[in-house]
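What follows is the content of coords_33.cif (mmCIF, C-alpha atoms and all ligand atoms).
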data_run
#
loop_
_atom_site.label_atom_id
_atom_site.label_comp_id
_atom_site.auth_asym_id
_atom_site.auth_seq_id
_atom_site.Cartn_x
_atom_site.Cartn_y
_atom_site.Cartn_z
CA MET A 1022 -189.23 14.93 173.50
CA LYS A 1023 -187.38 14.14 176.72
CA ILE A 1024 -183.89 14.82 175.42
CA LEU A 1025 -184.88 18.39 174.45
CA ASP A 1026 -186.04 19.25 177.97
CA TYR A 1027 -182.90 17.65 179.33
CA ALA A 1028 -180.61 19.56 176.97
CA PHE A 1029 -182.21 22.90 177.78
CA SER A 1030 -181.88 22.37 181.50
CA GLU A 1031 -178.51 20.57 181.70
CA ALA A 1032 -176.27 21.67 178.83
CA ALA A 1033 -174.85 25.19 178.83
CA TYR A 1034 -174.88 25.53 175.05
CA TYR A 1035 -178.64 25.11 174.75
CA ARG A 1036 -179.26 27.18 177.88
CA LYS A 1037 -177.14 30.08 176.63
CA ASN A 1038 -178.89 30.05 173.27
CA LEU A 1039 -182.33 29.71 174.78
CA SER A 1040 -183.59 32.88 173.11
CA GLN A 1041 -183.19 31.22 169.71
CA PHE A 1042 -185.30 28.33 170.88
CA GLN A 1043 -188.11 30.29 172.43
CA SER A 1044 -191.53 30.36 170.91
CA LYS A 1045 -192.54 33.70 169.47
CA GLU A 1046 -196.15 33.35 170.57
CA HIS A 1047 -195.43 32.37 174.14
CA ASP A 1048 -192.51 34.25 175.65
CA ASP A 1049 -191.71 31.59 178.18
CA GLY A 1050 -192.46 28.56 176.03
CA ILE A 1051 -189.81 26.41 174.44
CA TYR A 1052 -190.55 24.95 171.07
CA CYS A 1053 -191.16 21.31 171.54
CA THR A 1054 -190.94 20.19 167.96
CA LEU A 1055 -187.61 19.68 166.28
CA PRO A 1056 -188.26 21.48 162.98
CA ASP A 1057 -188.47 24.79 164.86
CA LEU A 1058 -185.03 24.46 166.39
CA PRO A 1059 -181.83 25.81 164.84
CA MET A 1060 -179.31 23.39 163.33
CA LEU A 1061 -175.78 22.64 164.51
CA ASN A 1062 -172.78 21.81 162.39
CA ILE A 1063 -169.25 20.70 163.17
CA GLU A 1064 -168.01 24.28 163.51
CA SER A 1065 -170.66 25.19 166.06
CA VAL A 1066 -169.76 22.10 168.09
CA TYR A 1067 -166.02 22.90 167.90
CA LYS A 1068 -166.57 26.50 168.90
CA SER A 1069 -168.55 25.77 172.06
CA TYR A 1070 -167.30 22.23 172.68
CA GLY A 1071 -167.26 22.38 176.49
CA ASP A 1072 -170.76 23.83 176.60
CA PHE A 1073 -172.20 20.74 174.94
CA ILE A 1074 -171.10 18.56 177.84
CA ALA A 1075 -174.02 18.42 180.25
CA ASP A 1076 -173.51 19.81 183.77
CA PRO A 1077 -173.66 16.45 185.60
CA TYR A 1078 -170.78 15.17 183.43
CA GLN A 1079 -168.56 18.13 184.21
CA LYS A 1080 -168.04 16.80 187.72
CA PHE A 1081 -167.60 13.67 189.83
CA PRO A 1082 -169.11 11.04 189.92
CA LYS A 1083 -170.74 11.16 186.45
CA SER A 1084 -167.51 12.43 184.89
CA GLN A 1085 -165.97 9.06 185.80
CA ASN A 1086 -168.62 7.04 184.01
CA VAL A 1087 -167.91 8.27 180.51
CA ILE A 1088 -166.37 6.87 177.39
CA ILE A 1089 -164.88 9.03 174.68
CA LYS A 1090 -165.66 8.11 171.09
CA ARG A 1091 -163.32 9.56 168.50
CA ALA A 1092 -164.18 9.68 164.86
CA TYR A 1093 -163.94 11.63 161.68
CA GLU A 1094 -166.89 13.56 160.44
CA PHE A 1095 -167.65 14.11 156.79
CA GLY A 1096 -164.84 16.19 155.28
CA GLY A 1097 -162.16 14.65 157.53
CA LYS A 1098 -162.93 16.62 160.67
CA MET A 1099 -162.03 14.87 163.91
CA ILE A 1100 -164.28 15.12 166.93
CA LYS A 1101 -164.48 13.46 170.33
CA VAL A 1102 -167.94 12.64 171.53
CA ILE A 1103 -168.50 11.96 175.23
CA TRP A 1104 -170.96 9.24 176.21
CA ASP A 1105 -172.28 7.99 179.51
CA GLN A 1106 -171.29 4.31 179.48
CA ASP A 1107 -174.84 3.29 180.41
CA ASP A 1108 -176.33 5.41 177.62
CA TYR A 1109 -173.90 3.85 175.19
CA LEU A 1110 -175.01 0.35 176.19
CA GLU A 1111 -178.66 1.41 175.83
CA MET A 1112 -177.92 2.75 172.34
CA GLN A 1113 -176.24 -0.53 171.42
CA LYS A 1114 -179.13 -2.51 172.84
CA SER A 1115 -181.56 -0.86 170.40
CA LEU A 1116 -179.27 -2.02 167.59
CA SER A 1117 -178.96 -5.51 169.11
CA ASP A 1118 -182.74 -5.88 169.17
CA LEU A 1119 -182.78 -5.35 165.41
CA HIS A 1120 -179.83 -7.71 164.91
CA ARG A 1121 -181.94 -10.38 166.57
CA LYS A 1122 -185.13 -9.55 164.69
CA TYR A 1123 -183.59 -9.32 161.24
CA TYR A 1124 -180.50 -11.53 161.26
CA ASP A 1125 -180.92 -13.93 164.18
CA ILE A 1126 -177.85 -12.48 165.90
CA GLU A 1127 -177.90 -12.40 169.71
CA PRO A 1128 -175.89 -9.91 171.80
CA HIS A 1129 -173.67 -12.71 173.13
CA ASP A 1130 -172.89 -14.05 169.64
CA GLN A 1131 -169.20 -13.67 168.90
CA TYR A 1132 -168.04 -11.29 166.20
CA CYS A 1133 -164.84 -9.99 164.61
CA GLY A 1134 -164.00 -6.46 163.57
CA PHE A 1135 -161.16 -4.09 162.66
CA TYR A 1136 -159.86 -1.08 164.57
CA THR A 1137 -157.54 1.84 163.86
CA ALA A 1138 -156.62 2.47 167.48
CA LEU A 1139 -157.71 0.99 170.79
CA TYR A 1140 -158.22 2.91 173.97
CA ARG A 1141 -157.97 1.69 177.51
CA ALA A 1142 -159.28 4.02 180.23
CA ASN A 1143 -159.69 6.53 177.40
CA LYS A 1144 -155.95 6.47 176.59
CA ILE A 1145 -154.65 5.20 173.28
CA ILE A 1146 -152.80 1.89 173.44
CA ASP A 1147 -150.35 0.96 170.77
CA VAL A 1148 -150.79 -2.68 169.94
CA ASP A 1149 -150.30 -4.43 166.67
CA THR A 1150 -151.87 -7.71 167.59
CA THR A 1151 -155.21 -9.44 167.63
CA GLN A 1152 -157.21 -8.51 170.71
CA LEU A 1153 -160.09 -10.18 172.48
CA MET A 1154 -162.63 -7.64 173.72
CA ASP A 1155 -165.80 -7.59 175.87
CA ASN A 1156 -164.84 -10.65 177.92
CA GLY A 1157 -164.04 -12.62 174.80
CA ASN A 1158 -167.24 -11.68 172.98
CA SER A 1159 -165.36 -10.12 170.11
CA MET A 1160 -162.01 -10.47 168.40
CA VAL A 1161 -160.53 -7.41 166.72
CA PHE A 1162 -157.66 -6.90 164.32
CA ASN A 1163 -155.93 -3.66 163.47
CA VAL A 1164 -156.22 -2.07 160.06
CA PHE A 1165 -152.51 -1.57 159.47
CA ARG A 1166 -150.30 -3.55 157.10
CA LEU A 1167 -153.07 -5.63 155.56
CA TYR A 1168 -150.71 -7.48 153.24
CA ASP A 1169 -151.18 -11.12 152.30
CA ASP A 1170 -149.20 -12.51 155.25
CA LYS A 1171 -151.27 -10.55 157.72
CA LEU A 1172 -154.54 -11.34 155.95
CA GLU A 1173 -153.64 -15.00 156.11
CA LYS A 1174 -153.00 -14.78 159.85
CA ILE A 1175 -156.28 -12.91 160.35
CA CYS A 1176 -158.24 -15.50 158.39
CA ARG A 1177 -156.64 -18.29 160.41
CA GLU A 1178 -157.40 -16.60 163.73
CA MET A 1179 -160.91 -15.83 162.60
CA ARG A 1180 -161.52 -19.43 161.64
CA GLU A 1181 -160.30 -20.67 165.02
CA TYR A 1182 -162.37 -18.09 166.89
CA ASN A 1183 -165.41 -19.01 164.77
CA PRO A 1184 -167.49 -15.80 164.99
CA LYS A 1185 -171.17 -15.77 164.07
CA TRP A 1186 -170.86 -12.38 162.39
CA LEU A 1187 -168.38 -9.76 161.23
CA LEU A 1188 -168.51 -6.00 161.67
CA LEU A 1189 -166.52 -4.54 158.81
CA GLN A 1190 -165.61 -1.34 157.06
CA PRO A 1191 -166.58 -2.08 153.41
CA SER A 1192 -163.11 -1.42 152.00
CA ILE A 1193 -161.58 -3.85 154.50
CA ALA A 1194 -164.33 -6.37 153.75
CA TRP A 1195 -163.35 -6.08 150.09
CA LEU A 1196 -159.65 -6.72 150.83
CA LEU A 1197 -160.61 -9.82 152.83
CA ALA A 1198 -163.02 -10.99 150.12
CA GLU A 1199 -160.37 -10.61 147.43
CA PHE A 1200 -157.84 -12.53 149.52
CA ILE A 1201 -160.30 -15.32 150.40
CA GLU A 1202 -161.32 -15.74 146.77
CA THR A 1203 -157.87 -15.76 145.21
CA LYS A 1204 -156.32 -18.02 147.88
CA SER A 1205 -159.39 -20.23 148.41
CA ILE A 1206 -159.30 -19.63 152.15
CA ALA A 1207 -161.65 -21.62 154.41
CA LEU A 1208 -164.18 -19.52 156.29
CA PRO A 1209 -165.32 -19.60 159.93
CA LYS A 1210 -167.78 -22.49 160.23
CA ASP A 1211 -170.64 -20.63 161.94
CA LEU A 1212 -170.43 -17.32 160.09
CA LYS A 1213 -173.87 -16.15 158.98
CA TYR A 1214 -173.91 -12.36 158.70
CA ILE A 1215 -171.68 -9.37 157.87
CA GLU A 1216 -172.47 -5.85 158.96
CA LEU A 1217 -170.97 -3.01 156.93
CA TYR A 1218 -170.52 0.52 158.21
CA GLY A 1219 -168.56 3.73 157.97
CA GLU A 1220 -168.21 4.43 154.27
CA MET A 1221 -170.22 4.50 151.06
CA VAL A 1222 -169.32 1.92 148.45
CA ASP A 1223 -170.87 0.81 145.22
CA GLU A 1224 -172.92 -2.36 144.93
CA SER A 1225 -170.11 -4.31 143.24
CA ILE A 1226 -168.06 -4.26 146.43
CA ARG A 1227 -170.97 -5.58 148.44
CA LYS A 1228 -171.66 -8.27 145.87
CA LYS A 1229 -168.06 -9.43 145.99
CA VAL A 1230 -168.15 -9.59 149.80
CA GLU A 1231 -171.39 -11.60 149.80
CA GLU A 1232 -170.03 -14.01 147.20
CA ALA A 1233 -166.68 -14.53 148.90
CA PHE A 1234 -168.16 -15.09 152.36
CA GLY A 1235 -171.41 -16.69 151.22
CA VAL A 1236 -173.47 -14.75 153.76
CA THR A 1237 -175.88 -11.85 153.75
CA THR A 1238 -174.69 -8.31 154.48
CA ALA A 1239 -176.45 -5.25 155.86
CA TYR A 1240 -175.43 -1.64 156.14
CA THR A 1241 -175.79 0.35 159.30
CA TYR A 1242 -175.75 4.12 159.45
CA VAL A 1243 -173.62 4.91 162.45
CA THR A 1244 -172.85 8.53 163.09
CA ASN A 1245 -170.26 9.65 165.51
CA MET A 1246 -172.62 12.09 167.14
CA VAL A 1247 -175.62 9.86 167.86
CA GLY A 1248 -174.39 6.28 167.49
CA ALA A 1249 -176.34 3.68 165.51
CA ALA A 1250 -178.96 5.74 163.68
CA ALA A 1251 -180.24 3.26 161.08
CA ILE A 1252 -179.91 -0.34 159.93
CA GLU A 1253 -180.89 -2.14 156.76
CA CYS A 1254 -183.66 -4.69 156.99
CA PRO A 1255 -183.56 -7.86 154.86
CA CYS A 1256 -185.51 -5.92 152.17
CA ARG A 1257 -182.40 -3.71 151.98
CA ASN A 1258 -184.13 -0.62 153.23
CA MET A 1259 -182.22 1.30 155.88
CA HIS A 1260 -184.69 2.04 158.67
CA VAL A 1261 -184.06 4.76 161.22
CA ILE A 1262 -183.58 3.28 164.70
CA SER A 1263 -186.23 5.49 166.28
CA ASP A 1264 -185.16 4.71 169.86
CA ASN A 1265 -181.70 6.09 169.14
CA ALA A 1266 -182.09 8.97 166.76
CA VAL A 1267 -184.29 11.31 164.82
CA VAL A 1268 -183.04 11.54 161.25
CA GLU A 1269 -184.27 14.46 159.15
CA VAL A 1270 -183.51 15.44 155.59
CA LEU A 1271 -183.59 19.19 155.03
CA LYS A 1272 -183.96 21.12 151.84
CA ASP A 1273 -183.29 24.83 152.29
CA GLY A 1274 -183.64 24.17 156.00
CA VAL A 1275 -187.08 22.58 155.70
CA PRO A 1276 -187.67 18.87 156.42
CA VAL A 1277 -188.62 16.96 153.27
CA PHE A 1278 -189.57 13.41 152.35
CA GLY A 1279 -188.78 11.81 149.01
CA GLU A 1280 -186.33 14.53 147.99
CA GLU A 1281 -182.60 14.76 148.37
CA GLY A 1282 -181.34 17.10 151.07
CA ASP A 1283 -178.96 17.58 153.99
CA ILE A 1284 -178.98 14.86 156.63
CA CYS A 1285 -179.62 16.19 160.12
CA VAL A 1286 -179.49 13.93 163.20
CA THR A 1287 -180.68 14.26 166.78
CA GLY A 1288 -179.42 11.78 169.35
CA LEU A 1289 -181.95 10.45 171.82
CA LYS A 1290 -179.67 8.44 174.10
CA ASN A 1291 -176.64 10.60 174.85
CA HIS A 1292 -177.06 12.53 178.12
CA ALA A 1293 -173.38 13.37 178.53
CA MET A 1294 -173.22 15.40 175.32
CA PRO A 1295 -176.71 15.99 173.95
CA ILE A 1296 -176.72 16.70 170.22
CA ILE A 1297 -179.85 18.29 168.80
CA ARG A 1298 -180.22 18.75 165.04
CA TYR A 1299 -176.70 18.21 163.84
CA LEU A 1300 -175.98 18.51 160.13
CA THR A 1301 -173.66 15.63 159.32
CA GLY A 1302 -172.52 17.05 155.97
CA GLU A 1303 -173.96 14.04 154.16
CA LYS A 1304 -176.88 14.05 151.78
CA GLY A 1305 -179.76 11.65 151.60
CA VAL A 1306 -183.40 10.97 150.92
CA LEU A 1307 -185.90 10.13 153.65
CA LEU A 1308 -188.84 7.92 152.71
CA ASN A 1309 -192.00 7.29 154.68
CA VAL A 1310 -193.25 4.20 152.88
CA ASP A 1311 -194.41 0.77 153.92
CA CYS A 1312 -191.74 -1.90 153.94
CA ALA A 1313 -192.40 -5.62 153.67
CA CYS A 1314 -190.36 -6.21 156.84
CA GLY A 1315 -193.08 -4.51 158.88
CA ASN A 1316 -190.82 -1.84 160.39
CA LYS A 1317 -192.75 1.45 160.33
CA ALA A 1318 -189.70 3.64 160.93
CA PRO A 1319 -188.69 5.96 158.06
CA ILE A 1320 -186.14 4.74 155.52
CA ILE A 1321 -183.00 6.76 154.89
CA LYS A 1322 -181.01 6.44 151.68
CA ILE A 1323 -177.58 8.05 151.84
CA THR A 1324 -176.74 9.66 148.51
CA LYS A 1325 -173.53 11.45 149.44
CA GLY A 1326 -171.34 10.29 152.31
CA LYS A 1327 -167.86 9.34 153.38
CA LYS A 1328 -165.75 7.49 150.84
CA PHE A 1329 -162.36 5.91 151.47
CA PRO A 1330 -160.80 5.01 148.14
CA PHE A 1331 -158.11 2.34 148.13
CA ILE A 1332 -154.43 3.25 148.18
CA HIS A 1333 -152.75 1.69 145.15
CA LEU A 1334 -149.22 0.38 145.59
CA LYS A 1335 -146.44 -0.06 143.03
CA ASP A 1336 -146.62 -3.87 143.23
CA GLY A 1337 -150.29 -3.77 142.22
CA ASN A 1338 -151.56 -4.42 145.75
CA LYS A 1339 -154.05 -2.22 147.50
CA LEU A 1340 -154.20 -0.86 151.02
CA SER A 1341 -157.26 0.51 152.75
CA ALA A 1342 -157.35 4.23 153.51
CA TYR A 1343 -157.69 3.29 157.18
CA SER A 1344 -153.90 2.95 157.24
CA ILE A 1345 -153.70 6.71 156.83
CA LEU A 1346 -156.64 7.40 159.09
CA GLY A 1347 -154.97 5.40 161.84
CA ALA A 1348 -151.74 7.39 161.50
CA ILE A 1349 -153.70 10.63 161.87
CA GLU A 1350 -155.47 9.26 164.92
CA PHE A 1351 -152.17 8.30 166.56
CA ALA A 1352 -150.52 11.61 165.64
CA ASN A 1353 -153.45 13.47 167.14
CA GLU A 1354 -153.37 11.50 170.33
CA PHE A 1355 -149.77 12.54 170.95
CA MET A 1356 -150.20 16.12 169.67
CA ALA A 1357 -153.24 17.14 171.76
CA ASN A 1358 -155.58 16.72 168.77
CA ALA A 1359 -153.76 19.47 166.88
CA ILE A 1360 -155.10 18.19 163.53
CA LYS A 1361 -158.61 19.51 163.05
CA THR A 1362 -159.10 18.45 159.44
CA MET A 1363 -157.05 16.35 157.09
CA GLU A 1364 -157.82 15.30 153.55
CA VAL A 1365 -155.42 13.07 151.65
CA VAL A 1366 -155.26 12.50 147.91
CA GLN A 1367 -153.04 9.93 146.23
CA THR A 1368 -151.58 11.71 143.21
CA ASP A 1369 -149.31 8.89 142.01
CA LEU A 1370 -148.31 5.39 143.15
CA ASP A 1371 -145.74 6.90 145.51
CA ARG A 1372 -147.07 10.41 145.94
CA PHE A 1373 -149.61 11.87 148.29
CA GLU A 1374 -150.96 15.32 148.89
CA ALA A 1375 -152.57 16.22 152.17
CA CYS A 1376 -154.46 19.34 153.18
CA ILE A 1377 -154.32 19.93 156.90
CA GLU A 1378 -156.12 22.39 159.12
CA LEU A 1379 -154.58 22.75 162.56
CA LYS A 1380 -156.11 24.11 165.72
CA PRO A 1381 -155.05 27.79 165.81
CA ALA A 1382 -152.94 27.24 168.95
CA TYR A 1383 -150.79 24.76 166.99
CA SER A 1384 -150.04 26.92 163.95
CA GLY A 1385 -146.39 27.14 165.07
CA TRP A 1386 -146.10 23.35 165.28
CA LYS A 1387 -146.50 22.40 161.62
CA LYS A 1388 -143.22 20.52 161.32
CA ALA A 1389 -143.84 18.58 164.54
CA VAL A 1390 -147.33 17.61 163.38
CA VAL A 1391 -146.03 16.40 160.01
CA ASP A 1392 -143.28 14.38 161.75
CA ALA A 1393 -145.83 12.87 164.14
CA PHE A 1394 -148.08 11.89 161.25
CA LEU A 1395 -145.32 10.41 159.06
CA SER A 1396 -143.74 8.50 161.93
CA ASN A 1397 -147.09 6.92 162.71
CA LEU A 1398 -147.51 5.48 159.21
CA ARG A 1399 -146.98 1.73 159.62
CA GLU A 1400 -146.56 0.72 155.99
CA ASP A 1401 -143.11 1.13 154.42
CA GLU A 1402 -144.65 2.10 151.06
CA LEU A 1403 -146.53 4.97 152.69
CA ARG A 1404 -143.57 6.17 154.76
CA GLN A 1405 -141.26 6.03 151.75
CA SER A 1406 -143.67 7.89 149.48
CA LYS A 1407 -143.37 11.57 148.70
CA TRP A 1408 -145.70 13.69 150.77
CA LYS A 1409 -146.76 17.23 150.07
CA ILE A 1410 -148.56 18.70 153.06
CA ILE A 1411 -150.48 21.89 152.49
CA PHE A 1412 -151.69 23.79 155.53
CA SER A 1413 -154.75 25.99 155.55
CA ASP A 1414 -152.55 29.13 155.65
CA ASN A 1415 -150.89 27.83 152.44
CA THR A 1416 -147.63 26.84 154.11
CA VAL A 1417 -146.27 23.76 152.37
CA ILE A 1418 -144.06 21.09 153.88
CA GLU A 1419 -142.67 18.48 151.52
CA LYS A 1420 -141.17 15.13 152.41
CA VAL A 1421 -139.33 13.67 149.45
ZN ZN A 1501 -187.82 -2.93 156.03
#
Output the structure of this file as structure tokens.
Amino acid sequence: MKILDYAFSEAAYYRKNLSQFQSKEHDDGIYCTLPDLPMLNIESVYKSYGDFIADPYQKFPKSQNVIIKRAYEFGGKMIKVIWDQDDYLEMQKSLSDLHRKYYDIEPHDQYCGFYTALYRANKIIDVDTTQLMDNGNSMVFNVFRLYDDKLEKICREMREYNPKWLLLQPSIAWLLAEFIETKSIALPKDLKYIELYGEMVDESIRKKVEEAFGVTTAYTYVTNMVGAAAIECPCRNMHVISDNAVVEVLKDGVPVFGEEGDICVTGLKNHAMPIIRYLTGEKGVLLNVDCACGNKAPIIKITKGKKFPFIHLKDGNKLSAYSILGAIEFANEFMANAIKTMEVVQTDLDRFEACIELKPAYSGWKKAVVDAFLSNLREDELRQSKWKIIFSDNTVIEKV
């Protein structure tokens, strides 16, 4: 596997840990099959973060050709993954090929999506408006304040833009579907497909989205670490995108098929930050069975993954949990990513409890972090709610 050779020669982490990777029979041989290699998890990546960035990307000119992807891993842990821009396009191309094959969507077909924060030149930009991206190839809306007036504006702008497909977080798709159904909103004329990603939802949500929009939906499995790792075919089986990733399911550390286990991913496209055998924290079942669509790649079923329950408001309305996620992302951007982990639970209509783990260097900055988070909440109901913030050293800050 090319990426293994590359990682061992170019990334300090794999080089330094070479002894763990060496074959016992041949002193100088490196194992060339994945199941013999040790696994990574979020803590191992945090601990040696800089060592995962390959040598060529530590210096000019490659260091200038990178994009930084920020996302939250399972359990609310934030991580920045560095990509070579060209690798990222390659990774997306493998997904585009399947869009075309399965759903008749071409790379130049316009789409709409939702974002928590936008970055320009890898710096966060604070905009609260609709943005056209990729030379007009996509139109994106932010996830904040998705009340009826904003949903109405979004639907109007979407209809005028007339996208062929939508790329949606399922909970946001549900909010739109609910709004479209109750207000009998007209849909974009050429819409034919909705792609869902980023969170696990039950079938009823998907059904509602398909009914409201009158189009087919498909899930993709996109992991922060390796990009698009799998996509559902029209038979509703999620096939691994073998050009982009190796997906394994491990039971007691051993790869299994047909049984539930820990999902472990290896990225095949990322040369800036090679990730070999990363445990995502999710659980799933890997199947090696024939599918009527003709795709021979294994099928992954996610059985335990990220969930973003709705926030319930006093007036009976709902907000998506991305409102809170966005506030964390903004707070982190201005606080040098001080928040390592954050889990939020709504305990009453106007009460929230959050458990926060800070980077050790920021343990003296608890109040400032809480202020940064609260001031970045965009919805009045959330800002005016009571917040109990519990830090990992059991310090509690309450905002009443
Ligand atoms: Zn299939």
Option closest in space to Ser1384 of chain A, from A:Ile1360, A:Met1154, A:Leu1334, A:Ile1296 [counting all atoms listed in the file] |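 So, comparing all the options, the nearest one is A:Ile1360.
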Could you give me the residues within 6 Å of ligand ZN 1501 (chain A), counting all atoms listed in the file, as a list in words?
->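 Residues lying within 6 Å of ligand ZN 1501 (chain A): Cys1254, Cys1256, Asn1258, Cys1312, Ala1313, Cys1314 and Asn1316 of chain A.
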Pick from A:Tyr1240, A:Tyr1034, A:Trp1408, A:Trp1186, whichever lies nearest to Arg1257 of chain A using only C-alpha atoms =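 Of A:Tyr1240, A:Tyr1034, A:Trp1408, A:Trp1186, the one nearest Arg1257 of chain A is A:Tyr1240, counting only C-alpha atoms.
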Å distance separating atom CA of Phe1329 of chain A from atom CA of Gly1274 of chain A, one decimal place =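 Going from atom CA of Phe1329 of chain A over to atom CA of Gly1274 of chain A covers 28.4 Å.
Restricting the calculation to all atoms listed in the file, the smallest distance between Thr1237 of chain A and any of A:Ile1215, A:Leu1061, A:Leu1189, A:Leu1403 is found for A:Ile1215.
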Selection near Lys1388 of chain A, 12 Å with all atoms listed in the file, sequence-local residues under 6 positions removed, as an MDAnalysis selection string | chainID A and resid 1356 1359 1377 1379 1394:1395 1410:1412 1416:1420
Selection near segment 1170-1178 of chain A, 9 Å with only C-alpha atoms, sequence-local residues under 5 positions removed, as a PyMOL selection string | chain A and resi 1151+1160+1162+1183+1196-1197+1200-1201+1206-1209
So that each row is one residue of segment 1301-1414 of chain A with an atom at most 12 Å from segment 1101-1125 of chain A, can you give its shortest atom pair and the distance in Å to one decimal, using only C-alpha atoms, rows by chain and rising number, as CSV?
residue,atom,partner,partner_atom,distance
A:Cys1314,CA,A:Tyr1123,CA,8.7
A:Gly1315,CA,A:Tyr1123,CA,10.9
A:Asn1316,CA,A:Leu1119,CA,10.1
A:Glu1350,CA,A:Lys1101,CA,11.3
A:Asn1353,CA,A:Lys1101,CA,11.5
A:Glu1354,CA,A:Lys1101,CA,11.3
A:Ala1357,CA,A:Lys1101,CA,11.9
A:Asn1358,CA,A:Lys1101,CA,9.6
A:Lys1361,CA,A:Lys1101,CA,11.1
In terms of the shortest atom-to-atom distance over all atoms listed in the file, which of A:Ala1293, A:Leu1307, A:Lys1204, A:Ile1321 is closest to Glu1253 of chain A?
-> A:Ile1321
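In this comparison, which uses all atoms listed in the file, the residue of A:Glu1224, A:Glu1094, A:Asp1414, A:Asp1336 approaching Tyr1168 of chain A most closely is A:Asp1336.
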Return the single residue from A:Ser1341, A:Asn1265, A:Thr1287, A:Asn1397 that is closest to Pro1056 of chain A, with distances computed using only C-alpha atoms.
-> A:Thr1287
Measure the distance from atom CA of Glu1280 of chain A to atom CA of Gly1248 of chain A in Å and round it to one decimal.
-> 24.3 Å
In Å, with one decimal, what is the gap from atom CA of Ala1028 of chain A to atom CA of Tyr1078 of chain A?
-> 12.6 Å
Would you list the contacts of His1129 of chain A as a ChimeraX atom specification, taking every protein, DNA or RNA residue within 10 Å and counting only C-alpha atoms, but skipping same-chain residues closer than 2 positions in sequence?
-> /A:1117,1126-1127,1131-1132,1155,1157-1159,1185
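Summary of the local environment: counting all atoms listed in the file, residues at most 9 Å from Asp1072 of chain A, other than itself and those fewer than 2 positions away along its chain, are Ala1032, Ala1033, Tyr1034, Tyr1035, Lys1037, Val1066, Ser1069, Tyr1070, Ile1074, Ala1075, Asp1076 and Met1294 of chain A.
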Those same residues, written as a tab-separated table (two decimals), in the frame of the given file with C-alpha atoms?
chain	number	residue	atom	x	y	z
A	1032	ALA	CA	-176.27	21.67	178.83
A	1033	ALA	CA	-174.85	25.19	178.83
A	1034	TYR	CA	-174.88	25.53	175.05
A	1035	TYR	CA	-178.64	25.11	174.75
A	1037	LYS	CA	-177.14	30.08	176.63
A	1066	VAL	CA	-169.76	22.10	168.09
A	1069	SER	CA	-168.55	25.77	172.06
A	1070	TYR	CA	-167.30	22.23	172.68
A	1074	ILE	CA	-171.10	18.56	177.84
A	1075	ALA	CA	-174.02	18.42	180.25
A	1076	ASP	CA	-173.51	19.81	183.77
A	1294	MET	CA	-173.22	15.40	175.32
Identify, on the basis of all atoms listed in the file, every residue whose closest approach to Gly1347 of chain A does not exceed 9 Å; exclude the query and any residue fewer than 2 positions from it along the same chain; express the result as JSON, numbers by chain.
-> {"A": [1136, 1137, 1138, 1164, 1165, 1342, 1343, 1344, 1345, 1349, 1350, 1351, 1352, 1397, 1398]}
Pull the neighbourhood of (-173.9, -21.7, 165.0) for me: all residues within 10 Å in file coordinates, counting all atoms listed in the file, as a list in words.
->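 So the residues meeting the distance criterion are Asp1130, Asn1183, Pro1184, Lys1185, Lys1210, Asp1211, Leu1212 and Lys1213 of chain A.
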Pull C-alpha atoms for segment 1100-1129 of chain A from the block and write them as a PDB file, in the first residue's frame.
ATOM      1  CA  ILE A1100      -9.272  18.165  15.800  1.00  0.00           C
ATOM      2  CA  LYS A1101      -7.700  19.985  12.875  1.00  0.00           C
ATOM      3  CA  VAL A1102      -6.691  17.830   9.971  1.00  0.00           C
ATOM      4  CA  ILE A1103      -4.224  19.198   7.432  1.00  0.00           C
ATOM      5  CA  TRP A1104      -4.748  18.355   3.764  1.00  0.00           C
ATOM      6  CA  ASP A1105      -2.806  19.064   0.625  1.00  0.00           C
ATOM      7  CA  GLN A1106      -5.306  20.969  -1.515  1.00  0.00           C
ATOM      8  CA  ASP A1107      -4.614  18.684  -4.480  1.00  0.00           C
ATOM      9  CA  ASP A1108      -5.138  15.556  -2.363  1.00  0.00           C
ATOM     10  CA  TYR A1109      -8.390  17.000  -1.101  1.00  0.00           C
ATOM     11  CA  LEU A1110      -9.628  17.533  -4.658  1.00  0.00           C
ATOM     12  CA  GLU A1111      -8.594  13.975  -5.546  1.00  0.00           C
ATOM     13  CA  MET A1112     -10.524  12.663  -2.543  1.00  0.00           C
ATOM     14  CA  GLN A1113     -13.580  14.648  -3.622  1.00  0.00           C
ATOM     15  CA  LYS A1114     -13.239  13.410  -7.180  1.00  0.00           C
ATOM     16  CA  SER A1115     -13.623   9.791  -6.039  1.00  0.00           C
ATOM     17  CA  LEU A1116     -16.881  10.827  -4.382  1.00  0.00           C
ATOM     18  CA  SER A1117     -17.980  12.796  -7.465  1.00  0.00           C
ATOM     19  CA  ASP A1118     -17.493   9.728  -9.655  1.00  0.00           C
ATOM     20  CA  LEU A1119     -20.003   7.872  -7.487  1.00  0.00           C
ATOM     21  CA  HIS A1120     -22.382  10.843  -7.472  1.00  0.00           C
ATOM     22  CA  ARG A1121     -22.438  10.583 -11.250  1.00  0.00           C
ATOM     23  CA  LYS A1122     -22.770   6.806 -11.342  1.00  0.00           C
ATOM     24  CA  TYR A1123     -25.517   6.516  -8.757  1.00  0.00           C
ATOM     25  CA  TYR A1124     -27.431   9.787  -8.807  1.00  0.00           C
ATOM     26  CA  ASP A1125     -26.655  11.434 -12.145  1.00  0.00           C
ATOM     27  CA  ILE A1126     -24.983  14.370 -10.390  1.00  0.00           C
ATOM     28  CA  GLU A1127     -22.033  15.992 -12.185  1.00  0.00           C
ATOM     29  CA  PRO A1128     -19.239  17.879 -10.383  1.00  0.00           C
ATOM     30  CA  HIS A1129     -20.382  21.174 -11.920  1.00  0.00           C
TER      31      HIS A1129
END
